[in-house]
>>> print(open('run.pdb').read())   # PDB, C-alpha atoms, pLDDT in the B column
ATOM      1  CA  MET C   1      -6.755 -17.246  -1.181  1.00 47.00           C
ATOM      2  CA  PRO C   2      -4.664 -14.020  -1.113  1.00 50.00           C
ATOM      3  CA  PHE C   3      -1.513 -16.086  -1.742  1.00 48.00           C
ATOM      4  CA  ALA C   4      -3.101 -17.704  -4.805  1.00 46.00           C
ATOM      5  CA  VAL C   5      -4.083 -14.295  -6.181  1.00 47.00           C
ATOM      6  CA  LEU C   6      -0.570 -12.902  -5.593  1.00 47.00           C
ATOM      7  CA  ALA C   7       1.000 -15.986  -7.216  1.00 49.00           C
ATOM      8  CA  LEU C   8      -1.259 -15.601 -10.262  1.00 45.00           C
ATOM      9  CA  LEU C   9      -0.394 -11.900 -10.519  1.00 49.00           C
ATOM     10  CA  ALA C  10       3.315 -12.725 -10.226  1.00 48.00           C
ATOM     11  CA  ALA C  11       2.994 -15.184 -13.113  1.00 49.00           C
ATOM     12  CA  LEU C  12       1.151 -12.608 -15.247  1.00 48.00           C
ATOM     13  CA  LEU C  13       3.706  -9.889 -14.485  1.00 47.00           C
ATOM     14  CA  SER C  14       6.513 -12.348 -15.219  1.00 50.00           C
ATOM     15  CA  SER C  15       5.135 -13.107 -18.675  1.00 47.00           C
ATOM     16  CA  SER C  16       4.743  -9.358 -19.296  1.00 46.00           C
ATOM     17  CA  ALA C  17       8.313  -8.704 -18.159  1.00 43.00           C
ATOM     18  CA  GLN C  18       9.656 -11.456 -20.408  1.00 43.00           C
ATOM     19  CA  ALA C  19       7.597 -10.172 -23.345  1.00 37.00           C
ATOM     20  CA  ALA C  20       9.176  -6.735 -22.845  1.00 37.00           C
ATOM     21  CA  ASP C  21      12.560  -8.445 -23.350  1.00 39.00           C
ATOM     22  CA  SER C  22      13.771  -7.107 -20.020  1.00 50.00           C
ATOM     23  CA  GLY C  23      12.388  -7.067 -16.553  1.00 63.00           C
ATOM     24  CA  THR C  24      12.272  -8.663 -13.186  1.00 89.00           C
ATOM     25  CA  VAL C  25       9.315  -9.642 -11.018  1.00 96.00           C
ATOM     26  CA  PHE C  26       9.727  -8.920  -7.312  1.00 97.00           C
ATOM     27  CA  LEU C  27       7.812 -10.520  -4.452  1.00 97.00           C
ATOM     28  CA  GLY C  28       7.853  -8.278  -1.439  1.00 97.00           C
ATOM     29  CA  VAL C  29       6.836  -7.796   2.129  1.00 98.00           C
ATOM     30  CA  GLY C  30       6.551  -4.554   4.018  1.00 98.00           C
ATOM     31  CA  ALA C  31       4.277  -2.181   5.878  1.00 97.00           C
ATOM     32  CA  PHE C  32       1.479   0.144   4.814  1.00 96.00           C
ATOM     33  CA  PHE C  33       0.740   3.275   6.855  1.00 95.00           C
ATOM     34  CA  GLN C  34      -2.725   4.747   6.316  1.00 93.00           C
ATOM     35  CA  ASN C  35      -3.675   8.390   6.964  1.00 88.00           C
ATOM     36  CA  SER C  36      -0.253   9.652   8.022  1.00 85.00           C
ATOM     37  CA  MET C  37      -0.389  12.917   9.988  1.00 78.00           C
ATOM     38  CA  LYS C  38      -4.167  12.553  10.465  1.00 76.00           C
ATOM     39  CA  THR C  39      -5.128   9.643  12.678  1.00 64.00           C
ATOM     40  CA  THR C  40      -5.837  10.566  16.284  1.00 64.00           C
ATOM     41  CA  THR C  41      -4.190   8.006  18.498  1.00 58.00           C
ATOM     42  CA  SER C  42      -4.255   9.493  21.983  1.00 62.00           C
ATOM     43  CA  PRO C  43      -6.662  10.983  24.522  1.00 62.00           C
ATOM     44  CA  THR C  44      -5.147  14.424  23.777  1.00 66.00           C
ATOM     45  CA  ALA C  45      -6.228  14.162  20.101  1.00 66.00           C
ATOM     46  CA  SER C  46      -2.666  14.454  18.830  1.00 71.00           C
ATOM     47  CA  LYS C  47      -1.915  13.394  15.280  1.00 76.00           C
ATOM     48  CA  SER C  48       0.045  10.245  14.508  1.00 76.00           C
ATOM     49  CA  LEU C  49       3.147  10.741  12.378  1.00 80.00           C
ATOM     50  CA  LEU C  50       2.771   7.430  10.543  1.00 84.00           C
ATOM     51  CA  GLY C  51      -0.968   6.799  10.978  1.00 84.00           C
ATOM     52  CA  THR C  52      -2.461   3.321  11.206  1.00 87.00           C
ATOM     53  CA  MET C  53       0.123   0.628  10.433  1.00 91.00           C
ATOM     54  CA  TYR C  54      -0.772  -2.545   8.529  1.00 93.00           C
ATOM     55  CA  VAL C  55       1.845  -5.315   8.741  1.00 94.00           C
ATOM     56  CA  PRO C  56       2.567  -7.307   6.700  1.00 96.00           C
ATOM     57  CA  GLU C  57       1.732  -5.902   3.317  1.00 97.00           C
ATOM     58  CA  LEU C  58       2.492  -8.454   0.620  1.00 98.00           C
ATOM     59  CA  SER C  59       3.396  -7.106  -2.804  1.00 98.00           C
ATOM     60  CA  VAL C  60       4.136  -8.149  -6.363  1.00 97.00           C
ATOM     61  CA  SER C  61       6.021  -5.739  -8.634  1.00 97.00           C
ATOM     62  CA  ALA C  62       7.546  -5.898 -12.101  1.00 96.00           C
ATOM     63  CA  GLN C  63      10.356  -3.857 -13.574  1.00 94.00           C
ATOM     64  CA  LEU C  64       9.374  -3.310 -17.215  1.00 95.00           C
ATOM     65  CA  GLY C  65      12.004  -1.435 -19.196  1.00 92.00           C
ATOM     66  CA  ASP C  66      15.714  -0.766 -19.110  1.00 87.00           C
ATOM     67  CA  ALA C  67      18.166   1.196 -16.951  1.00 79.00           C
ATOM     68  CA  SER C  68      17.261   4.527 -18.590  1.00 90.00           C
ATOM     69  CA  GLY C  69      13.711   4.347 -17.192  1.00 94.00           C
ATOM     70  CA  TYR C  70      11.033   1.754 -16.641  1.00 96.00           C
ATOM     71  CA  PHE C  71       7.470   1.154 -15.546  1.00 96.00           C
ATOM     72  CA  TYR C  72       7.188  -0.452 -12.108  1.00 97.00           C
ATOM     73  CA  PRO C  73       3.592  -1.739 -11.662  1.00 97.00           C
ATOM     74  CA  THR C  74       2.978  -2.809  -8.072  1.00 98.00           C
ATOM     75  CA  ILE C  75       0.147  -4.609  -6.307  1.00 98.00           C
ATOM     76  CA  GLY C  76       0.082  -4.520  -2.508  1.00 98.00           C
ATOM     77  CA  TYR C  77      -2.346  -6.252  -0.149  1.00 98.00           C
ATOM     78  CA  THR C  78      -2.634  -6.115   3.645  1.00 96.00           C
ATOM     79  CA  PHE C  79      -4.038  -9.638   3.858  1.00 90.00           C
ATOM     80  CA  LEU C  80      -4.082  -9.893   7.670  1.00 93.00           C
ATOM     81  CA  GLY C  81      -5.785  -6.526   7.905  1.00 93.00           C
ATOM     82  CA  LYS C  82      -6.312  -4.640  11.123  1.00 91.00           C
ATOM     83  CA  THR C  83      -9.079  -4.874  13.694  1.00 89.00           C
ATOM     84  CA  GLY C  84      -9.627  -1.705  15.704  1.00 82.00           C
ATOM     85  CA  ALA C  85     -11.069  -1.199  19.186  1.00 78.00           C
ATOM     86  CA  ASP C  86     -14.460  -0.853  17.481  1.00 80.00           C
ATOM     87  CA  GLY C  87     -14.189  -4.458  16.235  1.00 84.00           C
ATOM     88  CA  ILE C  88     -14.175  -3.447  12.573  1.00 88.00           C
ATOM     89  CA  LYS C  89     -11.778  -5.419  10.335  1.00 92.00           C
ATOM     90  CA  LYS C  90      -9.995  -3.344   7.662  1.00 95.00           C
ATOM     91  CA  ARG C  91      -7.945  -4.453   4.639  1.00 96.00           C
ATOM     92  CA  ILE C  92      -6.301  -2.455   1.851  1.00 97.00           C
ATOM     93  CA  LEU C  93      -5.414  -3.397  -1.736  1.00 98.00           C
ATOM     94  CA  THR C  94      -3.360  -0.968  -3.821  1.00 98.00           C
ATOM     95  CA  VAL C  95      -2.520  -1.150  -7.519  1.00 98.00           C
ATOM     96  CA  SER C  96      -0.090   1.439  -8.868  1.00 98.00           C
ATOM     97  CA  VAL C  97       1.725   2.087 -12.134  1.00 98.00           C
ATOM     98  CA  PRO C  98       4.621   4.464 -11.532  1.00 98.00           C
ATOM     99  CA  TYR C  99       7.374   5.285 -13.996  1.00 98.00           C
ATOM    100  CA  ALA C 100      10.875   5.123 -12.493  1.00 97.00           C
ATOM    101  CA  PHE C 101      13.697   7.498 -13.433  1.00 95.00           C
ATOM    102  CA  PRO C 102      17.259   6.761 -12.316  1.00 96.00           C
ATOM    103  CA  ILE C 103      18.610   9.653 -10.216  1.00 96.00           C
ATOM    104  CA  TRP C 104      21.761   7.948  -8.856  1.00 94.00           C
ATOM    105  CA  GLU C 105      23.513   4.716  -9.671  1.00 91.00           C
ATOM    106  CA  SER C 106      21.190   2.489  -7.611  1.00 93.00           C
ATOM    107  CA  VAL C 107      18.380   4.924  -6.698  1.00 97.00           C
ATOM    108  CA  ASP C 108      15.254   5.571  -8.757  1.00 96.00           C
ATOM    109  CA  LEU C 109      12.581   8.248  -8.425  1.00 98.00           C
ATOM    110  CA  LYS C 110       9.074   6.931  -9.090  1.00 98.00           C
ATOM    111  CA  LEU C 111       6.034   8.968 -10.183  1.00 98.00           C
ATOM    112  CA  GLY C 112       2.665   7.527 -11.120  1.00 98.00           C
ATOM    113  CA  ILE C 113      -1.000   6.843 -10.502  1.00 98.00           C
ATOM    114  CA  GLY C 114      -2.958   4.056  -8.898  1.00 97.00           C
ATOM    115  CA  ALA C 115      -6.143   2.824  -7.260  1.00 97.00           C
ATOM    116  CA  MET C 116      -6.911   1.733  -3.724  1.00 97.00           C
ATOM    117  CA  LEU C 117      -9.636  -0.600  -2.474  1.00 97.00           C
ATOM    118  CA  TYR C 118     -10.406  -0.216   1.225  1.00 95.00           C
ATOM    119  CA  ARG C 119     -12.552  -2.998   2.744  1.00 95.00           C
ATOM    120  CA  VAL C 120     -14.239  -2.743   6.122  1.00 93.00           C
ATOM    121  CA  GLY C 121     -16.447  -5.313   7.779  1.00 91.00           C
ATOM    122  CA  GLY C 122     -17.899  -6.259  11.119  1.00 86.00           C
ATOM    123  CA  ALA C 123     -20.460  -8.428  12.850  1.00 85.00           C
ATOM    124  CA  GLY C 124     -23.145  -5.711  13.038  1.00 86.00           C
ATOM    125  CA  GLU C 125     -22.699  -5.343  16.796  1.00 88.00           C
ATOM    126  CA  ALA C 126     -22.817  -2.256  18.989  1.00 89.00           C
ATOM    127  CA  ARG C 127     -19.644  -1.313  20.893  1.00 86.00           C
ATOM    128  CA  VAL C 128     -19.329   1.200  23.735  1.00 88.00           C
ATOM    129  CA  LEU C 129     -16.062   3.107  23.346  1.00 84.00           C
ATOM    130  CA  ASN C 130     -14.422   6.147  24.880  1.00 81.00           C
ATOM    131  CA  SER C 131     -15.385   9.365  23.134  1.00 76.00           C
ATOM    132  CA  GLY C 132     -13.523  12.248  24.707  1.00 73.00           C
ATOM    133  CA  ALA C 133     -14.403  12.503  28.418  1.00 81.00           C
ATOM    134  CA  SER C 134     -17.397  10.153  28.110  1.00 87.00           C
ATOM    135  CA  THR C 135     -18.414   7.029  26.219  1.00 88.00           C
ATOM    136  CA  SER C 136     -20.529   6.571  23.111  1.00 87.00           C
ATOM    137  CA  THR C 137     -22.089   3.633  21.336  1.00 89.00           C
ATOM    138  CA  PHE C 138     -20.614   2.869  17.920  1.00 84.00           C
ATOM    139  CA  TYR C 139     -22.119   0.370  15.484  1.00 86.00           C
ATOM    140  CA  GLN C 140     -20.189  -2.002  13.249  1.00 85.00           C
ATOM    141  CA  PRO C 141     -21.308  -2.645   9.683  1.00 85.00           C
ATOM    142  CA  GLY C 142     -23.158  -5.938   9.355  1.00 87.00           C
ATOM    143  CA  THR C 143     -21.538  -6.716   6.011  1.00 91.00           C
ATOM    144  CA  THR C 144     -18.237  -6.021   4.311  1.00 92.00           C
ATOM    145  CA  GLN C 145     -18.156  -2.763   2.372  1.00 92.00           C
ATOM    146  CA  THR C 146     -15.527  -1.603  -0.144  1.00 94.00           C
ATOM    147  CA  SER C 147     -14.616   1.968  -0.968  1.00 94.00           C
ATOM    148  CA  ARG C 148     -12.425   2.962  -3.917  1.00 96.00           C
ATOM    149  CA  ALA C 149     -10.032   5.835  -4.394  1.00 95.00           C
ATOM    150  CA  LEU C 150      -7.643   6.924  -7.119  1.00 96.00           C
ATOM    151  CA  PHE C 151      -4.268   8.204  -6.008  1.00 97.00           C
ATOM    152  CA  LEU C 152      -1.027   9.831  -7.057  1.00 97.00           C
ATOM    153  CA  THR C 153       2.192   8.188  -5.965  1.00 98.00           C
ATOM    154  CA  THR C 154       5.828   9.120  -5.723  1.00 98.00           C
ATOM    155  CA  GLY C 155       8.688   7.323  -4.100  1.00 98.00           C
ATOM    156  CA  LEU C 156      12.239   6.102  -4.112  1.00 98.00           C
ATOM    157  CA  GLY C 157      13.484   2.661  -5.088  1.00 97.00           C
ATOM    158  CA  PHE C 158      16.868   1.446  -3.837  1.00 97.00           C
ATOM    159  CA  ALA C 159      18.441  -1.436  -5.775  1.00 95.00           C
ATOM    160  CA  LEU C 160      20.798  -3.350  -3.493  1.00 95.00           C
ATOM    161  CA  SER C 161      21.493  -5.787  -6.344  1.00 92.00           C
ATOM    162  CA  SER C 162      19.710  -6.811  -9.531  1.00 88.00           C
ATOM    163  CA  ASP C 163      17.414  -9.055  -7.454  1.00 92.00           C
ATOM    164  CA  VAL C 164      17.007  -7.175  -4.149  1.00 96.00           C
ATOM    165  CA  ARG C 165      15.431  -3.760  -3.585  1.00 96.00           C
ATOM    166  CA  PHE C 166      13.792  -1.477  -1.037  1.00 98.00           C
ATOM    167  CA  ASP C 167      10.926   0.816  -2.029  1.00 98.00           C
ATOM    168  CA  PHE C 168       9.488   3.743  -0.075  1.00 98.00           C
ATOM    169  CA  ASP C 169       6.327   5.284  -1.529  1.00 98.00           C
ATOM    170  CA  LEU C 170       4.123   8.243  -0.682  1.00 97.00           C
ATOM    171  CA  ILE C 171       0.517   7.677  -1.785  1.00 97.00           C
ATOM    172  CA  VAL C 172      -1.790  10.720  -1.934  1.00 96.00           C
ATOM    173  CA  THR C 173      -5.533  10.049  -2.116  1.00 95.00           C
ATOM    174  CA  GLY C 174      -7.929  12.924  -2.803  1.00 90.00           C
ATOM    175  CA  ALA C 175      -5.042  15.046  -4.057  1.00 89.00           C
ATOM    176  CA  LEU C 176      -7.291  17.860  -5.305  1.00 87.00           C
ATOM    177  CA  SER C 177      -9.851  17.770  -2.499  1.00 85.00           C
ATOM    178  CA  SER C 178     -10.049  19.019   1.069  1.00 85.00           C
ATOM    179  CA  ARG C 179     -10.131  15.355   2.190  1.00 85.00           C
ATOM    180  CA  ARG C 180      -6.595  14.687   0.973  1.00 90.00           C
ATOM    181  CA  ALA C 181      -4.830  11.861   2.826  1.00 92.00           C
ATOM    182  CA  LEU C 182      -1.189  10.802   2.883  1.00 94.00           C
ATOM    183  CA  ASN C 183      -0.315   7.127   3.051  1.00 94.00           C
ATOM    184  CA  LEU C 184       3.121   5.513   3.163  1.00 96.00           C
ATOM    185  CA  ALA C 185       4.355   2.132   1.988  1.00 97.00           C
ATOM    186  CA  ALA C 186       7.735   0.579   2.758  1.00 98.00           C
ATOM    187  CA  ARG C 187       8.573  -2.665   0.956  1.00 98.00           C
ATOM    188  CA  PHE C 188      11.470  -5.108   0.682  1.00 98.00           C
ATOM    189  CA  GLY C 189      11.412  -7.115  -2.564  1.00 97.00           C
ATOM    190  CA  ILE C 190      13.319 -10.077  -3.941  1.00 97.00           C
ATOM    191  CA  GLY C 191      13.450 -10.817  -7.663  1.00 95.00           C
ATOM    192  CA  VAL C 192      11.961 -14.219  -8.422  1.00 93.00           C
ATOM    193  CA  PHE C 193      11.613 -14.207 -12.236  1.00 83.00           C
TER     194      PHE C 193
END
>>> encode(input="run.pdb", output="C-alpha cells")
Amino acid sequence: MPFAVLALLAALLSSSAQAADSGTVFLGVGAFFQNSMKTTTSPTASKSLLGTMYVPELSVSAQLGDASGYFYPTIGYTFLGKTGADGIKKRILTVSVPYAFPIWESVDLKLGIGAMLYRVGGAGEARVLNSGASTSTFYQPGTTQTSRALFLTTGLGFALSSDVRFDFDLIVTGALSSRRALNLAARFGIGVF
C-alpha cells in the first residue's frame, strides 16, 4: 500500500513539474532520525546524538522552478517503522515545502515548513521493562493513534548531476515551545520524470 501511495504522489508531482515547464521528480531512499540530542539510549541516561533511527525512509520530491531558486516539496515515509522494547510500532510521514536557494554551483540551501504525522500502535499488552534500577510495567495502546505536528525545516541539497542528489534536512517541531525537538533526514534521490 505505501508503494502505491508513493507512486501516485510521484505521478501527481510529475504532472505539476511538467506544468511548471521545468522540474524533475526524484524518488529517494534514506534515513530519518527522530528526537536528535534527546532520546535516552543507555542505562546512564545519556543523550543520543542522532536519536531514534528509522531506515529506510522512502521519499518523493519535485524540483519546481529554475536554477535561480525553486520549490522542493518532499514527502517522506518510514514504511517499515520501528518497534521498540515496549512492543509499540512507530511510523512517521513528513510532508514539507521548502524553497531552495543556490549557494554554490551544485549546492542549495533549503528553508520551509511542513507537517509530520506520527503513528503509534500496539496490541494493548502490558510489558515489564527496566526503569532505572528497577522494573516497571508499561502498557501498549490497544489501537493505532496518530499525532500531528507542524515543523520548520532547513537543509542542504547536493546535486551530483541533473538526475542524482543528496539531501540533508534539519526538521524542528515545536519551534516556539519548551517541547522543541530536532529531527534529521538524509536522503539519496534519483530523478525519474
>>> atom_distance(input="run.pdb", atom1="CA of Val107 (chain C)", atom2="CA of Met37 (chain C)")
26.4 Å
>>> closest_residue(input="run.pdb", among="C:Ser134, C:Gln140, C:Ser106, C:Asn183", to="Gly122 (chain C)", atoms="all atoms listed in the file")
C:Gln140
>>> resolve_selection(input="run.pdb", expression="the PyMOL selection byres ((chain C and resi 153) around 7)", output="ChimeraX atom specification")
/C:111-113,151-152,154-155,169-172
>>> resolve_selection(input="run.pdb", expression="the PyMOL selection byres ((chain C and resi 68) around 12)", output="PDB file with C-alpha atoms, in the coordinates of the input")
ATOM      1  CA  GLN C  63      10.356  -3.857 -13.574  1.00 94.00           C
ATOM      2  CA  LEU C  64       9.374  -3.310 -17.215  1.00 95.00           C
ATOM      3  CA  GLY C  65      12.004  -1.435 -19.196  1.00 92.00           C
ATOM      4  CA  ASP C  66      15.714  -0.766 -19.110  1.00 87.00           C
ATOM      5  CA  ALA C  67      18.166   1.196 -16.951  1.00 79.00           C
ATOM      6  CA  GLY C  69      13.711   4.347 -17.192  1.00 94.00           C
ATOM      7  CA  TYR C  70      11.033   1.754 -16.641  1.00 96.00           C
ATOM      8  CA  PHE C  71       7.470   1.154 -15.546  1.00 96.00           C
ATOM      9  CA  TYR C  99       7.374   5.285 -13.996  1.00 98.00           C
ATOM     10  CA  ALA C 100      10.875   5.123 -12.493  1.00 97.00           C
ATOM     11  CA  PHE C 101      13.697   7.498 -13.433  1.00 95.00           C
ATOM     12  CA  PRO C 102      17.259   6.761 -12.316  1.00 96.00           C
ATOM     13  CA  ILE C 103      18.610   9.653 -10.216  1.00 96.00           C
ATOM     14  CA  TRP C 104      21.761   7.948  -8.856  1.00 94.00           C
ATOM     15  CA  GLU C 105      23.513   4.716  -9.671  1.00 91.00           C
ATOM     16  CA  SER C 106      21.190   2.489  -7.611  1.00 93.00           C
ATOM     17  CA  VAL C 107      18.380   4.924  -6.698  1.00 97.00           C
ATOM     18  CA  ASP C 108      15.254   5.571  -8.757  1.00 96.00           C
ATOM     19  CA  LEU C 109      12.581   8.248  -8.425  1.00 98.00           C
TER      20      LEU C 109
END
>>> resolve_selection(input="run.pdb", expression="the PyMOL selection byres ((chain C and resi 81) around 9)", output="JSON, numbers by chain")
{"C": [54, 55, 56, 57, 77, 78, 79, 80, 82, 83, 89, 90, 91, 92]}
>>> atom_distance(input="run.pdb", atom1="CA of Val128 (chain C)", atom2="CA of Asp86 (chain C)")
8.2 Å
>>> closest_residue(input="run.pdb", among="C:Arg119, C:Lys110, C:Arg179, C:Arg127", to="Thr143 (chain C)", atoms="only C-alpha atoms")
C:Arg119
>>> residues_near_point(input="run.pdb", point="(17.6, -2.6, -2.4)", cutoff="12 Å", atoms="all atoms listed in the file", output="list in words")
Phe26, Gly28, Glu105, Ser106, Val107, Asp108, Leu156, Gly157, Phe158, Ala159, Leu160, Ser161, Ser162, Asp163, Val164, Arg165, Phe166, Asp167, Phe168, Ala186, Arg187, Phe188, Gly189, Ile190 and Gly191 of chain C
>>> write_last_selection(input="run.pdb", atoms="C-alpha atoms", output="mmCIF file, in the coordinates of the input")
data_model
loop_
_atom_site.group_PDB
_atom_site.id
_atom_site.type_symbol
_atom_site.label_atom_id
_atom_site.label_comp_id
_atom_site.auth_asym_id
_atom_site.auth_seq_id
_atom_site.Cartn_x
_atom_site.Cartn_y
_atom_site.Cartn_z
ATOM 1 C CA PHE C 26 9.727 -8.920 -7.312
ATOM 2 C CA GLY C 28 7.853 -8.278 -1.439
ATOM 3 C CA GLU C 105 23.513 4.716 -9.671
ATOM 4 C CA SER C 106 21.190 2.489 -7.611
ATOM 5 C CA VAL C 107 18.380 4.924 -6.698
ATOM 6 C CA ASP C 108 15.254 5.571 -8.757
ATOM 7 C CA LEU C 156 12.239 6.102 -4.112
ATOM 8 C CA GLY C 157 13.484 2.661 -5.088
ATOM 9 C CA PHE C 158 16.868 1.446 -3.837
ATOM 10 C CA ALA C 159 18.441 -1.436 -5.775
ATOM 11 C CA LEU C 160 20.798 -3.350 -3.493
ATOM 12 C CA SER C 161 21.493 -5.787 -6.344
ATOM 13 C CA SER C 162 19.710 -6.811 -9.531
ATOM 14 C CA ASP C 163 17.414 -9.055 -7.454
ATOM 15 C CA VAL C 164 17.007 -7.175 -4.149
ATOM 16 C CA ARG C 165 15.431 -3.760 -3.585
ATOM 17 C CA PHE C 166 13.792 -1.477 -1.037
ATOM 18 C CA ASP C 167 10.926 0.816 -2.029
ATOM 19 C CA PHE C 168 9.488 3.743 -0.075
ATOM 20 C CA ALA C 186 7.735 0.579 2.758
ATOM 21 C CA ARG C 187 8.573 -2.665 0.956
ATOM 22 C CA PHE C 188 11.470 -5.108 0.682
ATOM 23 C CA GLY C 189 11.412 -7.115 -2.564
ATOM 24 C CA ILE C 190 13.319 -10.077 -3.941
ATOM 25 C CA GLY C 191 13.450 -10.817 -7.663
#
>>> build_atoms(input="run.pdb", residues="region 152-167 of chain C", atoms="N, CA, C and O atoms", output="short mmCIF file (atom, residue, chain, number, x, y, z; two decimals), in the frame of the given file")
data_model
loop_
_atom_site.label_atom_id
_atom_site.label_comp_id
_atom_site.auth_asym_id
_atom_site.auth_seq_id
_atom_site.Cartn_x
_atom_site.Cartn_y
_atom_site.Cartn_z
N LEU C 152 -2.31 9.49 -6.45
CA LEU C 152 -1.03 9.83 -7.06
C LEU C 152 0.05 9.23 -6.17
O LEU C 152 -0.11 9.18 -4.94
N THR C 153 1.13 8.79 -6.77
CA THR C 153 2.19 8.19 -5.96
C THR C 153 3.56 8.70 -6.42
O THR C 153 3.77 8.99 -7.59
N THR C 154 4.43 8.81 -5.46
CA THR C 154 5.83 9.12 -5.72
C THR C 154 6.64 8.34 -4.71
O THR C 154 6.12 7.97 -3.65
N GLY C 155 7.87 8.08 -5.04
CA GLY C 155 8.69 7.32 -4.10
C GLY C 155 10.10 7.13 -4.59
O GLY C 155 10.48 7.61 -5.67
N LEU C 156 10.86 6.43 -3.78
CA LEU C 156 12.24 6.10 -4.11
C LEU C 156 12.40 4.60 -4.08
O LEU C 156 11.87 3.92 -3.19
N GLY C 157 13.14 4.07 -5.05
CA GLY C 157 13.48 2.66 -5.09
C GLY C 157 14.99 2.52 -4.96
O GLY C 157 15.74 3.23 -5.65
N PHE C 158 15.44 1.67 -4.07
CA PHE C 158 16.87 1.45 -3.84
C PHE C 158 17.22 0.03 -4.26
O PHE C 158 16.77 -0.93 -3.64
N ALA C 159 18.02 -0.11 -5.30
CA ALA C 159 18.44 -1.44 -5.78
C ALA C 159 19.71 -1.84 -5.04
O ALA C 159 20.76 -1.22 -5.23
N LEU C 160 19.62 -2.86 -4.19
CA LEU C 160 20.80 -3.35 -3.49
C LEU C 160 21.59 -4.29 -4.38
O LEU C 160 22.80 -4.44 -4.22
N SER C 161 20.89 -4.95 -5.30
CA SER C 161 21.49 -5.79 -6.34
C SER C 161 20.44 -5.88 -7.44
O SER C 161 19.40 -5.26 -7.37
N SER C 162 20.70 -6.68 -8.46
CA SER C 162 19.71 -6.81 -9.53
C SER C 162 18.46 -7.55 -9.07
O SER C 162 17.41 -7.45 -9.69
N ASP C 163 18.54 -8.27 -7.94
CA ASP C 163 17.41 -9.06 -7.45
C ASP C 163 16.90 -8.66 -6.07
O ASP C 163 16.02 -9.32 -5.52
N VAL C 164 17.44 -7.60 -5.48
CA VAL C 164 17.01 -7.18 -4.15
C VAL C 164 16.82 -5.66 -4.15
O VAL C 164 17.69 -4.93 -4.61
N ARG C 165 15.67 -5.20 -3.62
CA ARG C 165 15.43 -3.76 -3.58
C ARG C 165 14.54 -3.37 -2.41
O ARG C 165 13.77 -4.18 -1.90
N PHE C 166 14.67 -2.11 -2.01
CA PHE C 166 13.79 -1.48 -1.04
C PHE C 166 13.02 -0.39 -1.77
O PHE C 166 13.60 0.33 -2.59
N ASP C 167 11.75 -0.25 -1.45
CA ASP C 167 10.93 0.82 -2.03
C ASP C 167 10.20 1.56 -0.92
O ASP C 167 9.64 0.94 -0.01
#
